[in-house]
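Worksheet for the structure shown next.
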Amino acid sequence: MSPDAQGAPDAAEAERLRRWRLVLGGESADGTGVQLRGQDAAMDGALGSLYGKGDRAAKGRDRSAGLGASAPSVARWLGDIRKYFPSSVVQVMQRDAIDRLGLSALLLEPEMLEAVEADVHLVGTLLSLNKAMPETTKETARAVVRKVVEDLEKRLASRTRATLTGALDRSARVSRPRHRDIDWNRTIAANLKHYLPEYGTVVPERLVGYGRASQSVKKEVILCVDQSGSMAASVVYASVFGAVLASMRSLSTRLVVFDTAVADLTEQLDDPVDVLFGTQLGGGTDINRALAYCQSRISRPADTVVVLISDLYEGGIRDGMLKRVAAMKASGVQFVTLLALSDEGAPAYDREHAAALAGLGAPAFACTPDLFPEVMAAAIERRPLPIPDVA
């Protein structure tokens, strides 16, 4: 410590001790000699309620307040953390409160829902509680979910439509294009054998061009989404993307969700909030049954992209699942396997099944929402998928 002339710590050292006191909290911080006051004490209390020693009454500087079991106390706590911490930290603390303190039941209270900082993880929790939610809460819950969905659509829709529109136009190749429609890169690649070294040029015997845009359906997309509890964030993003894809006239989009049963939510794709409340998070997993349903809905294999979004923990017939994937690929279907569609990082997944799918030419990988448009564009154009590097 670097005391000043009066023996007190200088400003930088005092700030360092204050921060350590906030981090450590309680008895383990007594050695700092710092007593928290005002906003610092309030911040420490909010942290202590979540990360302290349960529900014991506070003693001295112990972090032990707890959140108790009443909705009003939780609502006050939610207000406090939104006051003292940035939104990104608030969302983490909310998720920790739900996990550590078993607050799921309190999310059924309208006044609490109105206080929370809405994010994808909260939506997943609300969807898992959908069947138990009282009528007085459902409208508030739908408002929370709609806010998150609309925010996601604003962030993702424009780029997705632009990326896929370009891919759809490029996928409709013609062999006698107008000059302005010639795809010069592919034309040169297709005619390299006609290179004339003495002239330093390629004589194109076959022109490759972009198809002119039309209003007809060019590709069919089937999103097959695992709705087991661990896939909550993926279900939210898949519903939003499903709605965006369904709004594109050149695509015919189908959304299928499954656990041990299969539900086709295609008719609800005009409103992703309806889609989300049509899911039922939790339960087992039968990928084979879901793929059987999807396979039965394919009418144009060469123009179809099937996207399976699942952690691959199969509760059905493993060999049947793999045979269906192999059959779809043999018929011309572009098959994409996403272990997750979220920003949550590397997911837990069945590595044996992932390796088996890779052996069939359908590598499984986790995909962020920002990467998803590029993955779909590559699948539509039948080019290698932009699989992210795994450290």
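Ligands are numbered from 1 in the order shown, chains are lettered A, B, ... in the order of the structure tokens, and residues start at 1 in each chain.
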
Would you list the contacts of Thr160 in chain A as a PyMOL selection string, taking every protein, DNA or RNA residue within 10 Å and counting only C-alpha atoms, but skipping same-chain residues closer than 6 positions in sequence? chain A and resi 153+241+244-245+369-374+376-377

Quick one: which range 149-240 of chain A residues come within 12 Å of range 344-367 of chain A, and what is the nearest atom pair for each with the distance in Å to one decimal, counting only C-alpha atoms, rows ordered by chain and ascending number, as a Markdown table?
```
| residue | atom | partner | partner_atom | distance |
| --- | --- | --- | --- | --- |
| A:Ser230 | CA | A:Ala348 | CA | 9.0 |
| A:Met231 | CA | A:Pro347 | CA | 9.5 |
| A:Ala232 | CA | A:Glu344 | CA | 11.0 |
| A:Ala233 | CA | A:Glu344 | CA | 8.3 |
| A:Ser234 | CA | A:Glu344 | CA | 9.5 |
| A:Tyr237 | CA | A:Cys367 | CA | 10.9 |
| A:Ala238 | CA | A:Cys367 | CA | 11.3 |
```

The selected residues should be written to file as a PDB file, in the first residue's frame (atoms: N, CA, C and O atoms).
```
ATOM      1  N   SER A 230     -32.494 -28.695 -23.748  1.00  0.00           N
ATOM      2  CA  SER A 230     -31.160 -28.132 -23.945  1.00  0.00           C
ATOM      3  C   SER A 230     -31.058 -27.283 -25.204  1.00  0.00           C
ATOM      4  O   SER A 230     -30.069 -26.578 -25.398  1.00  0.00           O
ATOM      5  N   MET A 231     -32.078 -27.329 -26.065  1.00  0.00           N
ATOM      6  CA  MET A 231     -32.022 -26.628 -27.345  1.00  0.00           C
ATOM      7  C   MET A 231     -32.851 -25.340 -27.337  1.00  0.00           C
ATOM      8  O   MET A 231     -33.208 -24.820 -28.395  1.00  0.00           O
ATOM      9  N   ALA A 232     -33.162 -24.805 -26.167  1.00  0.00           N
ATOM     10  CA  ALA A 232     -34.094 -23.678 -26.059  1.00  0.00           C
ATOM     11  C   ALA A 232     -33.691 -22.485 -26.920  1.00  0.00           C
ATOM     12  O   ALA A 232     -34.506 -21.947 -27.683  1.00  0.00           O
ATOM     13  N   ALA A 233     -32.443 -22.041 -26.809  1.00  0.00           N
ATOM     14  CA  ALA A 233     -32.012 -20.870 -27.590  1.00  0.00           C
ATOM     15  C   ALA A 233     -32.080 -21.159 -29.079  1.00  0.00           C
ATOM     16  O   ALA A 233     -32.465 -20.292 -29.882  1.00  0.00           O
ATOM     17  N   SER A 234     -31.727 -22.378 -29.479  1.00  0.00           N
ATOM     18  CA  SER A 234     -31.783 -22.757 -30.896  1.00  0.00           C
ATOM     19  C   SER A 234     -33.207 -22.711 -31.426  1.00  0.00           C
ATOM     20  O   SER A 234     -33.448 -22.324 -32.569  1.00  0.00           O
ATOM     21  N   TYR A 237     -34.082 -18.981 -32.131  1.00  0.00           N
ATOM     22  CA  TYR A 237     -33.474 -18.460 -33.360  1.00  0.00           C
ATOM     23  C   TYR A 237     -34.049 -19.147 -34.598  1.00  0.00           C
ATOM     24  O   TYR A 237     -34.291 -18.500 -35.624  1.00  0.00           O
ATOM     25  N   ALA A 238     -34.283 -20.455 -34.529  1.00  0.00           N
ATOM     26  CA  ALA A 238     -34.826 -21.177 -35.680  1.00  0.00           C
ATOM     27  C   ALA A 238     -36.219 -20.667 -36.037  1.00  0.00           C
ATOM     28  O   ALA A 238     -36.572 -20.566 -37.219  1.00  0.00           O
TER      29      ALA A 238
END
```

Close residues, Glu267 in chain A itself excluded, 12 Å, only C-alpha atoms, min 2 positions apart in chain, as a short mmCIF file (atom, residue, chain, number, x, y, z; two decimals) with all heavy atoms, in the first residue's frame:
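Once everything was written out, this is result.cif:
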```
data_model
loop_
_atom_site.label_atom_id
_atom_site.label_comp_id
_atom_site.auth_asym_id
_atom_site.auth_seq_id
_atom_site.Cartn_x
_atom_site.Cartn_y
_atom_site.Cartn_z
N GLY A 242 -37.05 -19.10 -39.50
CA GLY A 242 -38.12 -19.73 -40.25
C GLY A 242 -39.10 -18.71 -40.78
O GLY A 242 -39.55 -18.77 -41.94
N ALA A 243 -39.46 -17.74 -39.95
CA ALA A 243 -40.38 -16.69 -40.37
C ALA A 243 -39.77 -15.83 -41.47
O ALA A 243 -40.46 -15.43 -42.42
CB ALA A 243 -40.77 -15.82 -39.18
N ALA A 246 -39.73 -17.86 -44.68
CA ALA A 246 -41.10 -18.02 -45.19
C ALA A 246 -41.60 -16.75 -45.90
O ALA A 246 -42.52 -16.82 -46.71
CB ALA A 246 -42.04 -18.39 -44.05
N SER A 252 -39.82 -22.08 -50.50
CA SER A 252 -40.93 -22.73 -49.81
C SER A 252 -40.36 -23.29 -48.52
O SER A 252 -39.49 -24.17 -48.55
CB SER A 252 -41.51 -23.86 -50.67
OG SER A 252 -42.48 -24.59 -49.95
N THR A 253 -40.80 -22.76 -47.39
CA THR A 253 -40.19 -23.09 -46.11
C THR A 253 -41.15 -23.87 -45.23
O THR A 253 -42.32 -23.51 -45.08
CB THR A 253 -39.76 -21.80 -45.38
OG1 THR A 253 -38.87 -21.06 -46.22
CG2 THR A 253 -39.05 -22.13 -44.06
N ARG A 254 -40.62 -24.93 -44.63
CA ARG A 254 -41.39 -25.74 -43.69
C ARG A 254 -40.63 -25.80 -42.37
O ARG A 254 -39.41 -25.99 -42.36
CB ARG A 254 -41.60 -27.16 -44.25
CG ARG A 254 -42.47 -28.06 -43.36
CD ARG A 254 -42.65 -29.43 -44.00
NE ARG A 254 -43.40 -29.34 -45.25
CZ ARG A 254 -44.72 -29.33 -45.33
NH1 ARG A 254 -45.45 -29.41 -44.22
NH2 ARG A 254 -45.31 -29.27 -46.50
N LEU A 255 -41.35 -25.64 -41.25
CA LEU A 255 -40.73 -25.73 -39.93
C LEU A 255 -41.35 -26.91 -39.18
O LEU A 255 -42.56 -26.97 -38.95
CB LEU A 255 -40.95 -24.44 -39.13
CG LEU A 255 -40.41 -24.46 -37.70
CD1 LEU A 255 -38.89 -24.61 -37.69
CD2 LEU A 255 -40.81 -23.20 -36.94
N VAL A 256 -40.47 -27.85 -38.80
CA VAL A 256 -40.89 -29.05 -38.07
C VAL A 256 -40.13 -29.08 -36.75
O VAL A 256 -38.90 -28.94 -36.73
CB VAL A 256 -40.58 -30.32 -38.89
CG1 VAL A 256 -40.93 -31.57 -38.09
CG2 VAL A 256 -41.32 -30.30 -40.22
N ALA A 263 -44.18 -32.14 -34.64
CA ALA A 263 -45.21 -31.12 -34.88
C ALA A 263 -44.77 -30.26 -36.06
O ALA A 263 -43.64 -29.77 -36.09
CB ALA A 263 -45.42 -30.26 -33.65
N ASP A 264 -45.66 -30.10 -37.02
CA ASP A 264 -45.41 -29.25 -38.18
C ASP A 264 -46.04 -27.88 -37.91
O ASP A 264 -47.25 -27.75 -37.83
CB ASP A 264 -46.02 -29.88 -39.44
CG ASP A 264 -45.55 -29.19 -40.71
OD1 ASP A 264 -45.29 -27.97 -40.66
OD2 ASP A 264 -45.46 -29.86 -41.76
N LEU A 265 -45.19 -26.85 -37.75
CA LEU A 265 -45.66 -25.51 -37.41
C LEU A 265 -45.62 -24.56 -38.59
O LEU A 265 -45.65 -23.34 -38.42
CB LEU A 265 -44.81 -24.95 -36.25
CG LEU A 265 -44.79 -25.78 -34.97
CD1 LEU A 265 -43.91 -25.10 -33.92
CD2 LEU A 265 -46.19 -25.99 -34.43
N LEU A 269 -45.93 -19.83 -39.46
CA LEU A 269 -44.67 -19.13 -39.71
C LEU A 269 -44.84 -17.64 -39.96
O LEU A 269 -43.85 -16.90 -39.93
CB LEU A 269 -43.94 -19.77 -40.89
CG LEU A 269 -43.06 -20.98 -40.54
CD1 LEU A 269 -42.47 -21.59 -41.80
CD2 LEU A 269 -41.95 -20.58 -39.58
N ASP A 270 -46.05 -17.17 -40.22
CA ASP A 270 -46.21 -15.73 -40.41
C ASP A 270 -46.04 -14.97 -39.11
O ASP A 270 -45.87 -13.75 -39.10
CB ASP A 270 -47.56 -15.41 -41.04
CG ASP A 270 -48.72 -15.91 -40.18
OD1 ASP A 270 -48.53 -16.89 -39.43
OD2 ASP A 270 -49.82 -15.33 -40.27
N ASP A 271 -46.07 -15.67 -37.98
CA ASP A 271 -45.86 -15.03 -36.67
C ASP A 271 -44.98 -15.94 -35.82
O ASP A 271 -45.44 -16.93 -35.26
CB ASP A 271 -47.18 -14.79 -35.96
CG ASP A 271 -47.00 -13.96 -34.68
OD1 ASP A 271 -45.85 -13.82 -34.21
OD2 ASP A 271 -48.01 -13.48 -34.16
N PRO A 272 -43.67 -15.62 -35.70
CA PRO A 272 -42.78 -16.49 -34.94
C PRO A 272 -43.15 -16.61 -33.46
O PRO A 272 -42.76 -17.58 -32.81
CB PRO A 272 -41.40 -15.83 -35.12
CG PRO A 272 -41.68 -14.44 -35.59
CD PRO A 272 -42.97 -14.50 -36.34
N ASP A 274 -46.23 -17.04 -32.37
CA ASP A 274 -47.14 -18.19 -32.37
C ASP A 274 -46.37 -19.49 -32.52
O ASP A 274 -46.72 -20.50 -31.90
CB ASP A 274 -48.15 -18.06 -33.52
CG ASP A 274 -49.23 -17.02 -33.24
OD1 ASP A 274 -49.39 -16.65 -32.06
OD2 ASP A 274 -49.89 -16.58 -34.19
N VAL A 275 -45.34 -19.47 -33.35
CA VAL A 275 -44.51 -20.66 -33.51
C VAL A 275 -43.91 -21.06 -32.17
O VAL A 275 -43.95 -22.23 -31.76
CB VAL A 275 -43.39 -20.42 -34.54
CG1 VAL A 275 -42.38 -21.56 -34.51
CG2 VAL A 275 -43.97 -20.29 -35.94
N GLY A 278 -46.11 -22.56 -29.82
CA GLY A 278 -46.56 -23.87 -30.29
C GLY A 278 -45.56 -24.97 -30.01
O GLY A 278 -45.85 -26.15 -30.21
#
```

Using backbone DSSP assignments, extract all strand (DSSP E) residues from range 277-344 of chain A; output them as a list in words.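 Output for range 277-344 of chain A, strand (DSSP E) only: Thr304, Val305, Val306, Val307, Leu308, Ile309, Gln334, Phe335, Val336, Thr337, Leu338, Leu339, Ala340 and Leu341 of chain A.
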
Polymer residues at most 12 Å from Gly124 in chain A, only C-alpha atoms, same-chain spacing of 5 or more positions, as a PyMOL selection string: chain A and resi 95+98+104+107+118-119+129-130+141+144-145+148-149+227-237+239+276-277+279-282+342

Give me the residues near range 83-92 of chain A as a ChimeraX atom specification, where near means some atom within 10 Å (using only C-alpha atoms) and where sequence neighbours in that chain fewer than 3 positions away do not count. /A:39-40,42-43,46,77-80,95-97,116-122

Can you pull out every residue within 9 Å of Ala379 in chain A, counting only C-alpha atoms, but drop anything in the same chain fewer than 5 positions away, and send it as a PyMOL selection string? chain A and resi 305+334-336+374+384-385

Using only C-alpha atoms, please write the residues we just selected to a file, as a compact mmCIF listing (two decimals), in the first residue's frame.
```txt
# COMPACT_ATOMS: atom_id res chain seq x y z
CA VAL A 305 -32.32 -28.17 -48.34
CA GLN A 334 -28.69 -30.88 -49.51
CA PHE A 335 -28.50 -31.94 -45.84
CA VAL A 336 -27.14 -29.61 -43.15
CA GLU A 374 -23.97 -17.85 -45.16
CA PRO A 384 -18.88 -26.21 -49.44
CA LEU A 385 -20.42 -25.07 -46.18
```

Set the distance at 10 Å and use only C-alpha atoms: which residues neighbour Gly315 in chain A once local chain neighbours fewer than 5 positions away are removed? I'd like the list as a CSV table (one decimal) with all heavy atoms, in the first residue's frame.
```
chain,number,residue,atom,x,y,z
A,259,ASP,N,-39.7,-33.7,-30.4
A,259,ASP,CA,-39.1,-34.4,-29.2
A,259,ASP,C,-39.3,-35.9,-29.5
A,259,ASP,O,-38.6,-36.4,-30.4
A,259,ASP,CB,-39.6,-33.9,-27.9
A,259,ASP,CG,-41.1,-33.7,-27.9
A,259,ASP,OD1,-41.8,-34.5,-28.5
A,259,ASP,OD2,-41.6,-32.8,-27.2
A,260,THR,N,-40.2,-36.6,-28.7
A,260,THR,CA,-40.5,-37.9,-29.1
A,260,THR,C,-41.7,-37.9,-30.1
A,260,THR,O,-42.0,-38.9,-30.7
A,260,THR,CB,-40.9,-38.8,-27.9
A,260,THR,OG1,-41.9,-38.1,-27.1
A,260,THR,CG2,-39.6,-39.0,-27.0
A,284,GLY,N,-38.1,-36.1,-24.4
A,284,GLY,CA,-37.1,-36.9,-25.1
A,284,GLY,C,-36.8,-36.5,-26.5
A,284,GLY,O,-37.1,-35.4,-26.9
A,285,THR,N,-36.1,-37.4,-27.2
A,285,THR,CA,-35.7,-37.0,-28.6
A,285,THR,C,-35.9,-38.2,-29.5
A,285,THR,O,-35.4,-39.3,-29.2
A,285,THR,CB,-34.3,-36.5,-28.6
A,285,THR,OG1,-34.1,-35.5,-27.7
A,285,THR,CG2,-33.9,-36.0,-30.0
A,286,ASP,N,-36.5,-38.0,-30.7
A,286,ASP,CA,-36.6,-39.1,-31.7
A,286,ASP,C,-36.3,-38.5,-33.0
A,286,ASP,O,-37.2,-38.1,-33.7
A,286,ASP,CB,-38.0,-39.8,-31.6
A,286,ASP,CG,-38.1,-41.1,-32.4
A,286,ASP,OD1,-37.2,-41.2,-33.3
A,286,ASP,OD2,-38.9,-41.9,-32.2
A,287,ILE,N,-35.0,-38.4,-33.3
A,287,ILE,CA,-34.6,-37.8,-34.6
A,287,ILE,C,-35.1,-38.6,-35.8
A,287,ILE,O,-35.5,-38.0,-36.8
A,287,ILE,CB,-33.1,-37.6,-34.6
A,287,ILE,CG1,-32.6,-36.8,-33.4
A,287,ILE,CG2,-32.7,-36.9,-35.9
A,287,ILE,CD1,-31.1,-36.7,-33.2
A,288,ASN,N,-35.0,-39.9,-35.7
A,288,ASN,CA,-35.4,-40.7,-36.8
A,288,ASN,C,-36.9,-40.5,-37.2
A,288,ASN,O,-37.2,-40.4,-38.4
A,288,ASN,CB,-35.2,-42.2,-36.4
A,288,ASN,CG,-35.7,-43.2,-37.5
A,288,ASN,OD1,-35.2,-43.1,-38.6
A,288,ASN,ND2,-36.6,-44.0,-37.2
```

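Interatomic distance, CA of Ile222 in chain A against CA of Leu308 in chain A: 8.4 Å.
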